[in-house]
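*Asks:* My structure is in target.txt, and what it holds is compact mmCIF, C-alpha atoms:
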# COMPACT_ATOMS: atom_id res chain seq x y z
CA MET T 227 121.06 95.76 95.59
CA SER T 228 121.55 97.37 92.16
CA TYR T 229 121.78 101.11 91.57
CA ILE T 230 118.44 101.08 89.68
CA SER T 231 116.68 99.21 92.50
CA THR T 232 118.06 101.62 95.09
CA LEU T 233 117.01 104.63 93.04
CA PHE T 234 113.52 103.20 92.62
CA LEU T 235 113.12 102.70 96.37
CA LEU T 236 114.33 106.21 97.14
CA ILE T 237 111.95 107.78 94.63
CA SER T 238 109.07 105.65 95.93
CA ALA T 239 109.80 106.66 99.51
CA CYS T 240 110.01 110.34 98.62
CA LEU T 241 106.69 110.21 96.77
CA LEU T 242 104.98 108.25 99.52
CA PRO T 243 102.52 110.63 101.19
CA PHE T 244 102.37 110.73 104.94
CA PRO T 245 98.97 109.51 106.09
CA THR T 246 96.74 112.41 107.00
CA GLN T 247 94.99 112.59 110.33
CA ALA T 248 91.40 111.40 110.31
CA ALA T 249 88.70 114.05 110.38
CA ALA T 250 88.09 113.05 113.98
CA THR T 251 90.32 111.02 116.23
CA MET T 252 89.33 107.50 117.18
CA LYS T 253 86.43 107.24 119.59
CA LEU T 254 86.18 105.32 122.84
CA TYR T 255 82.75 103.94 123.72
CA SER T 256 81.83 103.20 127.33
CA ALA T 257 80.03 100.05 128.46
CA GLU T 258 77.47 102.22 130.22
CA LYS T 259 76.64 104.03 126.97
CA LEU T 260 76.48 100.81 124.99
CA LYS T 261 73.97 99.36 127.46
CA THR T 262 71.54 102.18 126.61
CA LYS T 263 72.14 102.01 122.83
CA ILE T 264 72.59 98.31 122.10
CA ALA T 265 69.01 97.73 120.94
CA GLU T 266 69.13 100.53 118.35
CA PRO T 267 68.91 99.08 114.81
CA GLU T 268 71.60 101.36 113.37
CA LEU T 269 74.19 100.07 115.87
CA VAL T 270 76.45 97.12 115.03
CA VAL T 271 78.52 95.55 117.81
CA VAL T 272 81.41 93.39 116.58
CA ASP T 273 83.19 90.75 118.66
CA CYS T 274 86.75 90.52 117.27
CA ARG T 275 87.89 87.52 119.32
CA ASN T 276 88.36 83.96 118.07
CA ALA T 277 85.39 81.64 117.51
CA TYR T 278 85.91 79.66 120.70
CA ALA T 279 85.85 82.80 122.87
CA TYR T 280 82.75 84.09 121.08
CA ARG T 281 80.82 80.82 121.50
CA LYS T 282 81.81 80.62 125.15
CA GLY T 283 80.25 84.01 125.80
CA HIS T 284 79.75 87.34 124.03
CA ILE T 285 77.82 90.58 124.37
CA LYS T 286 74.20 89.86 123.59
CA GLY T 287 73.47 90.94 120.02
CA ALA T 288 77.12 91.17 118.93
CA ILE T 289 78.07 89.64 115.60
CA HIS T 290 81.36 87.77 115.26
CA LEU T 291 84.35 88.66 113.10
CA ASP T 292 87.66 87.18 114.22
CA SER T 293 90.05 90.02 113.36
CA GLY T 294 93.22 88.26 114.46
CA CYS T 295 95.65 85.93 112.73
CA SER T 296 93.23 83.00 112.94
CA GLY T 297 90.34 84.84 111.30
CA PRO T 298 88.98 85.27 107.76
CA LEU T 299 90.58 88.68 107.11
CA VAL T 300 94.07 87.27 106.58
CA HIS T 301 96.18 84.79 104.66
CA LYS T 302 97.57 82.22 107.08
CA LEU T 303 100.51 80.85 105.06
CA GLY T 304 103.92 82.13 103.98
CA LYS T 305 106.61 84.17 105.67
CA VAL T 306 104.00 86.79 106.63
CA PRO T 307 101.16 84.49 107.78
CA CYS T 308 98.88 87.28 109.03
CA THR T 309 98.85 89.57 105.99
CA LEU T 310 95.48 91.01 105.00
CA LYS T 311 93.62 89.64 102.01
CA SER T 312 93.00 91.80 98.93
CA PRO T 313 90.75 94.86 99.33
CA GLY T 314 88.11 93.21 97.14
CA GLU T 315 88.01 90.13 99.36
CA LEU T 316 87.87 92.29 102.49
CA LEU T 317 85.01 94.43 101.19
CA SER T 318 83.06 91.33 100.20
CA LEU T 319 83.46 89.89 103.69
CA LEU T 320 82.48 93.14 105.40
CA THR T 321 79.44 93.41 103.11
CA GLN T 322 78.24 89.90 103.99
CA LYS T 323 78.83 90.53 107.70
CA GLY T 324 76.66 93.64 107.60
CA LEU T 325 79.37 96.11 108.54
CA CYS T 326 77.89 99.01 106.59
CA PRO T 327 79.46 102.50 106.59
CA ASP T 328 76.15 104.23 107.39
CA GLN T 329 75.85 102.44 110.74
CA ASP T 330 77.56 103.00 114.07
CA ILE T 331 80.10 100.20 114.50
CA ILE T 332 81.43 99.37 117.97
CA VAL T 333 84.21 96.77 118.15
CA TYR T 334 85.56 94.89 121.14
CA GLY T 335 87.98 92.19 122.22
CA ASP T 336 89.36 91.04 125.55
CA HIS T 337 92.74 90.72 127.24
CA ASN T 338 93.43 87.54 125.23
CA SER T 339 92.54 88.95 121.79
CA TRP T 340 95.97 90.54 121.19
CA GLY T 341 94.34 93.86 120.27
CA ALA T 342 92.52 92.46 117.22
CA GLU T 343 89.79 95.05 117.65
CA GLY T 344 92.36 97.79 117.04
CA ARG T 345 93.47 96.21 113.79
CA LEU T 346 89.86 96.03 112.60
CA LEU T 347 89.39 99.72 113.42
CA TRP T 348 92.55 100.50 111.44
CA LEU T 349 91.22 98.55 108.47
CA LEU T 350 87.77 100.14 108.60
CA GLN T 351 89.17 103.65 108.88
CA LYS T 352 91.46 103.11 105.90
CA LEU T 353 88.51 101.90 103.83
CA GLY T 354 86.57 105.08 104.61
CA TYR T 355 84.38 104.13 107.57
CA SER T 356 83.90 107.07 109.94
CA LYS T 357 81.24 105.94 112.45
CA ILE T 358 83.50 103.53 114.33
CA ALA T 359 84.59 103.20 117.96
CA LEU T 360 86.31 100.90 120.44
CA LEU T 361 84.37 99.55 123.42
CA ASN T 362 86.44 100.53 126.44
CA GLY T 363 87.28 97.44 128.47
CA GLY T 364 85.84 95.05 125.90
CA TYR T 365 84.27 91.82 127.07
CA ASP T 366 86.27 91.80 130.33
CA HIS T 367 84.73 95.02 131.61
CA TRP T 368 81.29 94.17 130.23
CA GLN T 369 81.25 90.94 132.24
CA GLN T 370 82.45 92.72 135.38
CA LEU T 371 79.46 95.03 135.11
CA SER T 372 77.16 91.98 134.76
CA GLU T 373 75.72 93.27 131.49
CA PRO T 374 73.67 90.96 129.19
CA THR T 375 75.63 88.19 127.48
CA ALA T 376 74.87 85.23 125.23
CA ALA T 377 76.66 82.01 124.30
CA LEU T 378 76.97 79.37 121.58
CA PHE T 379 74.84 80.74 118.73
CA ALA T 380 75.97 83.62 116.54
CA ASP T 381 74.02 86.80 115.92
CA HIS T 382 73.82 88.15 112.36
CA LYS T 383 73.13 91.37 110.48
CA GLU T 384 71.66 91.78 107.02
CA PRO T 385 74.30 92.19 104.27
CA CYS T 386 75.06 95.78 103.26
CA GLN T 387 73.43 97.29 100.19
CA GLU T 388 75.83 97.52 97.27
CA GLN T 389 75.46 101.28 96.80
CA LEU T 390 76.60 101.89 100.38
CA MET T 391 79.82 99.94 99.84
CA GLN T 392 80.54 101.74 96.56
CA ASN T 393 81.24 104.92 98.55
CA LEU T 394 84.24 103.25 100.18
CA THR T 395 87.73 103.39 98.71
CA VAL T 396 90.66 101.00 98.76
CA SER T 397 93.32 103.57 97.81
CA THR T 398 93.93 104.77 101.37
CA LEU T 399 94.36 101.20 102.57
CA GLU T 400 96.84 100.50 99.78
CA LYS T 401 98.88 103.60 100.66
CA ALA T 402 98.84 102.66 104.34
CA LYS T 403 100.31 99.21 103.70
CA ILE T 404 103.90 100.46 103.55
CA GLY T 405 106.41 97.72 102.83
CA ALA T 406 109.63 97.04 104.70
CA ASP T 407 111.95 98.51 102.05
CA ALA T 408 110.01 101.78 101.85
CA LEU T 409 109.97 102.05 105.66
CA TRP T 410 113.73 101.51 105.75
CA GLN T 411 114.25 104.38 103.32
CA LEU T 412 111.97 106.69 105.31
CA TYR T 413 113.88 105.80 108.48
CA ARG T 414 117.22 106.56 106.79
CA GLN T 415 115.88 109.97 105.80
CA GLY T 416 114.96 110.66 109.44
CA ASN T 417 111.25 110.83 108.64
CA LEU T 418 109.83 108.32 111.09
CA ILE T 419 109.89 106.86 114.59
CA PHE T 420 109.40 103.13 115.13
CA LEU T 421 107.37 102.10 118.18
CA ASP T 422 107.74 98.41 119.03
CA VAL T 423 104.74 97.22 121.08
CA ARG T 424 105.76 93.57 121.51
CA SER T 425 106.94 92.10 124.79
CA GLN T 426 110.33 92.99 126.26
CA ALA T 427 111.58 89.49 125.43
CA GLU T 428 110.70 89.89 121.76
CA TYR T 429 112.24 93.35 121.65
CA ASP T 430 115.45 92.00 123.15
CA GLY T 431 115.74 89.32 120.49
CA GLU T 432 113.87 86.16 121.54
CA ILE T 433 112.14 84.34 118.68
CA LEU T 434 108.69 83.34 119.89
CA TYR T 435 106.47 83.20 116.77
CA ARG T 436 108.60 81.62 114.05
CA GLU T 437 110.23 84.87 113.00
CA GLU T 438 113.16 84.49 110.59
CA ARG T 439 115.38 86.54 112.93
CA GLY T 440 115.17 88.12 116.37
CA GLY T 441 115.64 91.70 117.55
CA HIS T 442 113.93 95.00 116.84
CA LEU T 443 113.83 97.59 114.08
CA PRO T 444 116.55 100.28 114.08
CA ASP T 445 116.31 102.69 117.03
CA ALA T 446 112.80 101.48 117.78
CA LEU T 447 111.27 102.72 121.02
CA HIS T 448 109.64 100.04 123.15
CA PHE T 449 106.23 100.06 124.83
CA ASP T 450 104.52 96.74 125.62
CA TRP T 451 100.93 96.97 124.37
CA LYS T 452 99.70 95.44 127.65
CA ASP T 453 100.77 98.64 129.39
CA PHE T 454 98.02 100.53 127.58
CA TRP T 455 95.27 98.98 129.71
CA ASN T 456 94.22 98.32 133.29
CA ASP T 457 93.46 94.94 134.87
CA ASP T 458 89.82 95.15 133.67
CA TYR T 459 91.03 95.88 130.09
CA THR T 460 89.88 99.49 130.19
CA LEU T 461 92.39 101.97 128.83
CA LYS T 462 94.48 103.94 131.26
CA THR T 463 93.73 107.65 131.37
CA LYS T 464 95.12 109.88 128.65
CA ALA T 465 97.38 111.61 131.16
CA GLU T 466 98.83 108.33 132.42
CA LEU T 467 99.31 106.93 128.93
CA GLN T 468 101.02 110.08 127.75
CA ALA T 469 103.35 110.06 130.74
CA ARG T 470 104.29 106.41 130.13
CA LEU T 471 104.85 106.96 126.41
CA THR T 472 106.97 110.03 127.10
CA HIS T 473 109.04 107.99 129.54
CA ALA T 474 109.55 105.45 126.76
CA GLY T 475 110.99 108.22 124.57
CA LEU T 476 108.02 109.14 122.39
CA PRO T 477 107.63 112.90 121.83
CA LEU T 478 104.40 114.65 122.74
CA PRO T 479 101.91 114.93 119.86
CA GLU T 480 102.72 118.60 119.31
CA GLN T 481 106.45 117.82 119.20
CA THR T 482 106.47 115.18 116.46
CA GLY T 483 106.58 117.71 113.63
CA GLU T 484 106.51 116.01 110.24
CA LYS T 485 107.70 112.65 111.56
CA LEU T 486 105.56 109.59 111.04
CA ILE T 487 105.17 107.29 114.05
CA VAL T 488 105.00 103.68 112.90
CA THR T 489 103.70 101.13 115.39
CA TYR T 490 104.66 97.51 114.82
CA CYS T 491 104.45 94.07 116.41
CA THR T 492 104.77 90.61 114.87
CA GLY T 493 101.89 90.75 112.40
CA GLY T 494 99.89 93.97 112.72
CA ILE T 495 97.49 92.99 115.53
CA ARG T 496 98.94 94.47 118.72
CA SER T 497 100.28 97.38 116.68
CA GLY T 498 96.77 98.01 115.32
CA TYR T 499 95.62 98.50 118.91
CA ALA T 500 98.58 100.82 119.52
CA TRP T 501 97.66 102.77 116.39
CA PHE T 502 94.19 103.32 117.86
CA VAL T 503 95.59 104.51 121.20
CA LEU T 504 98.04 106.98 119.64
CA ASP T 505 95.32 108.37 117.37
CA TRP T 506 93.02 108.67 120.38
CA LEU T 507 95.77 110.60 122.19
CA GLY T 508 95.95 113.06 119.30
CA TYR T 509 99.15 112.10 117.49
CA PRO T 510 98.85 113.67 114.02
CA GLN T 511 100.93 111.21 111.97
CA VAL T 512 100.55 107.56 112.99
CA GLU T 513 100.57 104.37 110.93
CA ASN T 514 100.34 100.67 111.64
CA TYR T 515 103.07 98.55 110.01
CA ASP T 516 100.56 95.88 109.12
CA ASN T 517 102.93 93.13 107.92
CA GLY T 518 105.08 93.80 110.96
CA PHE T 519 108.20 92.09 112.21
CA TRP T 520 107.44 88.91 110.25
CA GLU T 521 108.05 90.78 106.99
CA TRP T 522 111.05 92.81 108.15
CA ALA T 523 112.85 89.83 109.72
CA ALA T 524 112.33 87.80 106.53
CA SER T 525 114.38 90.36 104.53
CA PRO T 526 118.05 89.55 105.27
CA ASN T 527 119.24 92.85 103.78
CA LEU T 528 117.32 94.88 106.39
CA PRO T 529 119.09 95.57 109.71
CA LEU T 530 117.94 94.51 113.16
CA GLN T 531 119.18 95.57 116.57
CA HIS T 532 119.38 93.61 119.83
CA GLN T 533 119.13 94.90 123.37
Transcribe the structure of this file into structure tokens.
*Replies:*
Amino acid sequence: MSYISTLFLLISACLLPFPTQAAATMKLYSAEKLKTKIAEPELVVVDCRNAYAYRKGHIKGAIHLDSGCSGPLVHKLGKVPCTLKSPGELLSLLTQKGLCPDQDIIVYGDHNSWGAEGRLLWLLQKLGYSKIALLNGGYDHWQQLSEPTAALFADHKEPCQEQLMQNLTVSTLEKAKIGADALWQLYRQGNLIFLDVRSQAEYDGEILYREERGGHLPDALHFDWKDFWNDDYTLKTKAELQARLTHAGLPLPEQTGEKLIVTYCTGGIRSGYAWFVLDWLGYPQVENYDNGFWEWAASPNLPLQHQ
């Protein structure tokens, strides 16, 4: 790398603002509460799973938006096959789906959705949505409670009015999409902590999803995203989660200081769920590395470690 390129990266990293904490931390919505509110017209329930899972069975009244790597939010080709589309394309899709910022939006997945609902929450929050929440336990817990479900045919909402969408901004989303080189510089300055939420096998170096290389980011802590939830897909208690994260080496929220915690997985899905959990636990500086390990591993000049 040339001297000019290195200088540019250093300046960019220094100018890069740490993401500020949302006005309120992410909200967790219970199935019991949703049952009493689901018929309210200002409430939008979003199923973030793939189309097959939605058609097989979904919460009655929920609209469908696959928020994973097979859905319409992402580009599916290239070395980073799960990267988000442009902000303009995303806003157009959200407008047509009826995900309006003046409504209460409750998102859910299931134990097979890879945490796609967390990535959608991350996206919505960055665009300026504030009335958003995660359904605790998703479709798994909803079914266990024998709450109303539907199958086959999709539910729809009216498209959002243009003036409502004009109040949203894409600048925060653009700032949040930190690239691999900028993250590397922040790490070298001691300004961040990587939290790898892939499986132990991936962390140790196995290549499972066509990554260019195996391993994990420098000094990354490891916490499998599946350890966030119970068998019924409800989140573990805050106390239990904090104890497990502390055991994995993550400081308490009040001990992180000015450091940015960056969650990552292969392509921003599981790490989006982790971002939600850490925000919910009160961590003041958390970001989702949205292009994830796919991008980092595709840059041969960036280091990787193996267990």
*Asks:* Quick one: residues within 12 Å of T:Ser296, all atoms listed in the file, excluding same-chain residues fewer than 3 positions away - as a ChimeraX atom specification?
*Replies:* /T:274-278,291-293,299-303,307-310,339-340,342,493,495
*Asks:* Mind dumping the selected residues with C-alpha atoms as a PDB file, in the coordinates of the input?
*Replies:*
ATOM      1  CA  CYS T 274      86.750  90.520 117.270  1.00  0.00           C
ATOM      2  CA  ARG T 275      87.890  87.520 119.320  1.00  0.00           C
ATOM      3  CA  ASN T 276      88.360  83.960 118.070  1.00  0.00           C
ATOM      4  CA  ALA T 277      85.390  81.640 117.510  1.00  0.00           C
ATOM      5  CA  TYR T 278      85.910  79.660 120.700  1.00  0.00           C
ATOM      6  CA  LEU T 291      84.350  88.660 113.100  1.00  0.00           C
ATOM      7  CA  ASP T 292      87.660  87.180 114.220  1.00  0.00           C
ATOM      8  CA  SER T 293      90.050  90.020 113.360  1.00  0.00           C
ATOM      9  CA  LEU T 299      90.580  88.680 107.110  1.00  0.00           C
ATOM     10  CA  VAL T 300      94.070  87.270 106.580  1.00  0.00           C
ATOM     11  CA  HIS T 301      96.180  84.790 104.660  1.00  0.00           C
ATOM     12  CA  LYS T 302      97.570  82.220 107.080  1.00  0.00           C
ATOM     13  CA  LEU T 303     100.510  80.850 105.060  1.00  0.00           C
ATOM     14  CA  PRO T 307     101.160  84.490 107.780  1.00  0.00           C
ATOM     15  CA  CYS T 308      98.880  87.280 109.030  1.00  0.00           C
ATOM     16  CA  THR T 309      98.850  89.570 105.990  1.00  0.00           C
ATOM     17  CA  LEU T 310      95.480  91.010 105.000  1.00  0.00           C
ATOM     18  CA  SER T 339      92.540  88.950 121.790  1.00  0.00           C
ATOM     19  CA  TRP T 340      95.970  90.540 121.190  1.00  0.00           C
ATOM     20  CA  ALA T 342      92.520  92.460 117.220  1.00  0.00           C
ATOM     21  CA  GLY T 493     101.890  90.750 112.400  1.00  0.00           C
ATOM     22  CA  ILE T 495      97.490  92.990 115.530  1.00  0.00           C
TER      23      ILE T 495
END
*Asks:* Within 12 Å of T:Lys485, counting only C-alpha atoms, which residues show up once you throw out same-chain ones fewer than 4 positions away? Write them as a ChimeraX atom specification, please.
*Replies:* /T:243-246,412-413,415-420,476-481,509-513
*Asks:* Using only C-alpha atoms, determine which residues lie at most 12 Å from T:Lys259, disregarding the query and same-chain residues fewer than 5 positions distant; provide the list as a PyMOL selection string.
*Replies:* chain T and resi 254+264-266+332+361-362+368+373
*Asks:* Determine the nearest neighbour of T:Thr492 from the options T:Phe379, T:Trp348, T:Phe519, T:Tyr355, counting only C-alpha atoms.
*Replies:*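 When distances to T:Thr492 are compared using only C-alpha atoms, the smallest one comes from T:Phe519.
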*Asks:* Which residue, T:Tyr255, T:Trp451, T:Tyr515, T:Tyr334, has the smallest gap to T:Trp410 when you use only C-alpha atoms?
*Replies:*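 Once distances to T:Trp410 are computed over only C-alpha atoms, the minimum belongs to T:Tyr515.
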*Asks:* Quick one: of T:Leu269, T:Ala279, T:Leu350, T:Leu360, who's nearest to T:Gln329, counting all atoms listed in the file?
*Replies:* T:Leu269
*Asks:* Write out as a ChimeraX atom specification which residues come within 12 Å of T:Leu461 when counting only C-alpha atoms, dropping same-chain ones fewer than 2 positions away.
*Replies:* /T:254-256,336-337,341,360-364,366-367,451-459,463-468,499-500,502-504,506-507
*Asks:* Can you list, as JSON, numbers by chain, every protein, DNA or RNA residue that comes within 8 Å of T:Lys383 when you count only C-alpha atoms, leaving out same-chain residues fewer than 5 positions away?
*Replies:* {"T": [289, 323, 324]}
*Asks:* Which is closest to T:Asn517 among T:Lys401, T:Lys305, T:Lys352, T:Lys286, if we use all atoms listed in the file?
*Replies:*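 When distances to T:Asn517 are compared using all atoms listed in the file, the smallest one comes from T:Lys305.
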*Asks:* Given the choices T:Ile331, T:Leu421, T:Leu371, T:Val271, which gets closest to T:Glu258 if the distance is worked out from only C-alpha atoms?
*Replies:* T:Leu371
*Asks:* Any chance you could build stretch 298-327 of chain T out to N, CA and C atoms and write it as a PDB file, in the frame of the given file?
*Replies:*
ATOM      1  N   PRO T 298      89.169  85.276 109.208  1.00  0.00           N
ATOM      2  CA  PRO T 298      88.980  85.270 107.760  1.00  0.00           C
ATOM      3  C   PRO T 298      89.538  86.493 107.031  1.00  0.00           C
ATOM      4  N   LEU T 299      90.057  87.474 107.757  1.00  0.00           N
ATOM      5  CA  LEU T 299      90.580  88.680 107.110  1.00  0.00           C
ATOM      6  C   LEU T 299      91.973  88.481 106.516  1.00  0.00           C
ATOM      7  N   VAL T 300      92.649  87.393 106.893  1.00  0.00           N
ATOM      8  CA  VAL T 300      94.070  87.270 106.580  1.00  0.00           C
ATOM      9  C   VAL T 300      94.403  85.973 105.853  1.00  0.00           C
ATOM     10  N   HIS T 301      95.560  86.003 105.167  1.00  0.00           N
ATOM     11  CA  HIS T 301      96.180  84.790 104.660  1.00  0.00           C
ATOM     12  C   HIS T 301      96.984  84.171 105.798  1.00  0.00           C
ATOM     13  N   LYS T 302      96.960  82.868 105.923  1.00  0.00           N
ATOM     14  CA  LYS T 302      97.570  82.220 107.080  1.00  0.00           C
ATOM     15  C   LYS T 302      98.859  81.468 106.736  1.00  0.00           C
ATOM     16  N   LEU T 303      99.327  81.579 105.477  1.00  0.00           N
ATOM     17  CA  LEU T 303     100.510  80.850 105.060  1.00  0.00           C
ATOM     18  C   LEU T 303     101.599  81.821 104.617  1.00  0.00           C
ATOM     19  N   GLY T 304     102.823  81.305 104.467  1.00  0.00           N
ATOM     20  CA  GLY T 304     103.920  82.130 103.980  1.00  0.00           C
ATOM     21  C   GLY T 304     104.734  82.745 105.092  1.00  0.00           C
ATOM     22  N   LYS T 305     105.723  83.536 104.690  1.00  0.00           N
ATOM     23  CA  LYS T 305     106.610  84.170 105.670  1.00  0.00           C
ATOM     24  C   LYS T 305     105.902  85.273 106.453  1.00  0.00           C
ATOM     25  N   VAL T 306     104.807  85.791 105.921  1.00  0.00           N
ATOM     26  CA  VAL T 306     104.000  86.790 106.630  1.00  0.00           C
ATOM     27  C   VAL T 306     102.597  86.192 106.763  1.00  0.00           C
ATOM     28  N   PRO T 307     102.393  85.277 107.734  1.00  0.00           N
ATOM     29  CA  PRO T 307     101.160  84.490 107.780  1.00  0.00           C
ATOM     30  C   PRO T 307      99.935  85.227 108.303  1.00  0.00           C
ATOM     31  N   CYS T 308     100.030  86.523 108.530  1.00  0.00           N
ATOM     32  CA  CYS T 308      98.880  87.280 109.030  1.00  0.00           C
ATOM     33  C   CYS T 308      98.571  88.476 108.139  1.00  0.00           C
ATOM     34  N   THR T 309      99.052  88.436 106.880  1.00  0.00           N
ATOM     35  CA  THR T 309      98.850  89.570 105.990  1.00  0.00           C
ATOM     36  C   THR T 309      97.396  89.632 105.528  1.00  0.00           C
ATOM     37  N   LEU T 310      96.868  90.831 105.389  1.00  0.00           N
ATOM     38  CA  LEU T 310      95.480  91.010 105.000  1.00  0.00           C
ATOM     39  C   LEU T 310      95.228  90.502 103.580  1.00  0.00           C
ATOM     40  N   LYS T 311      94.024  90.033 103.352  1.00  0.00           N
ATOM     41  CA  LYS T 311      93.620  89.640 102.010  1.00  0.00           C
ATOM     42  C   LYS T 311      93.454  90.881 101.127  1.00  0.00           C
ATOM     43  N   SER T 312      93.146  90.676  99.868  1.00  0.00           N
ATOM     44  CA  SER T 312      93.000  91.800  98.930  1.00  0.00           C
ATOM     45  C   SER T 312      91.832  92.681  99.345  1.00  0.00           C
ATOM     46  N   PRO T 313      91.867  93.969  98.974  1.00  0.00           N
ATOM     47  CA  PRO T 313      90.750  94.860  99.330  1.00  0.00           C
ATOM     48  C   PRO T 313      89.396  94.351  98.838  1.00  0.00           C
ATOM     49  N   GLY T 314      89.369  93.744  97.644  1.00  0.00           N
ATOM     50  CA  GLY T 314      88.110  93.210  97.140  1.00  0.00           C
ATOM     51  C   GLY T 314      87.560  92.109  98.024  1.00  0.00           C
ATOM     52  N   GLU T 315      88.432  91.209  98.469  1.00  0.00           N
ATOM     53  CA  GLU T 315      88.010  90.130  99.360  1.00  0.00           C
ATOM     54  C   GLU T 315      87.541  90.683 100.704  1.00  0.00           C
ATOM     55  N   LEU T 316      88.243  91.690 101.215  1.00  0.00           N
ATOM     56  CA  LEU T 316      87.870  92.290 102.490  1.00  0.00           C
ATOM     57  C   LEU T 316      86.520  92.970 102.414  1.00  0.00           C
ATOM     58  N   LEU T 317      86.289  93.738 101.342  1.00  0.00           N
ATOM     59  CA  LEU T 317      85.010  94.430 101.190  1.00  0.00           C
ATOM     60  C   LEU T 317      83.859  93.441 101.048  1.00  0.00           C
ATOM     61  N   SER T 318      84.103  92.348 100.345  1.00  0.00           N
ATOM     62  CA  SER T 318      83.060  91.330 100.200  1.00  0.00           C
ATOM     63  C   SER T 318      82.699  90.730 101.552  1.00  0.00           C
ATOM     64  N   LEU T 319      83.706  90.451 102.373  1.00  0.00           N
ATOM     65  CA  LEU T 319      83.460  89.890 103.690  1.00  0.00           C
ATOM     66  C   LEU T 319      82.710  90.867 104.581  1.00  0.00           C
ATOM     67  N   LEU T 320      83.140  92.125 104.581  1.00  0.00           N
ATOM     68  CA  LEU T 320      82.480  93.140 105.400  1.00  0.00           C
ATOM     69  C   LEU T 320      81.042  93.341 104.960  1.00  0.00           C
ATOM     70  N   THR T 321      80.796  93.277 103.644  1.00  0.00           N
ATOM     71  CA  THR T 321      79.440  93.410 103.110  1.00  0.00           C
ATOM     72  C   THR T 321      78.551  92.294 103.633  1.00  0.00           C
ATOM     73  N   GLN T 322      79.031  91.047 103.552  1.00  0.00           N
ATOM     74  CA  GLN T 322      78.240  89.900 103.990  1.00  0.00           C
ATOM     75  C   GLN T 322      78.007  89.916 105.501  1.00  0.00           C
ATOM     76  N   LYS T 323      78.967  90.457 106.250  1.00  0.00           N
ATOM     77  CA  LYS T 323      78.830  90.530 107.700  1.00  0.00           C
ATOM     78  C   LYS T 323      77.876  91.626 108.152  1.00  0.00           C
ATOM     79  N   GLY T 324      77.547  92.548 107.238  1.00  0.00           N
ATOM     80  CA  GLY T 324      76.660  93.640 107.600  1.00  0.00           C
ATOM     81  C   GLY T 324      77.334  94.803 108.263  1.00  0.00           C
ATOM     82  N   LEU T 325      78.639  94.960 108.018  1.00  0.00           N
ATOM     83  CA  LEU T 325      79.370  96.110 108.540  1.00  0.00           C
ATOM     84  C   LEU T 325      79.279  97.234 107.512  1.00  0.00           C
ATOM     85  N   CYS T 326      78.203  97.995 107.598  1.00  0.00           N
ATOM     86  CA  CYS T 326      77.890  99.010 106.590  1.00  0.00           C
ATOM     87  C   CYS T 326      78.362 100.387 107.072  1.00  0.00           C
ATOM     88  N   PRO T 327      78.880 101.215 106.171  1.00  0.00           N
ATOM     89  CA  PRO T 327      79.460 102.500 106.590  1.00  0.00           C
ATOM     90  C   PRO T 327      78.447 103.522 107.088  1.00  0.00           C
TER      91      PRO T 327
END
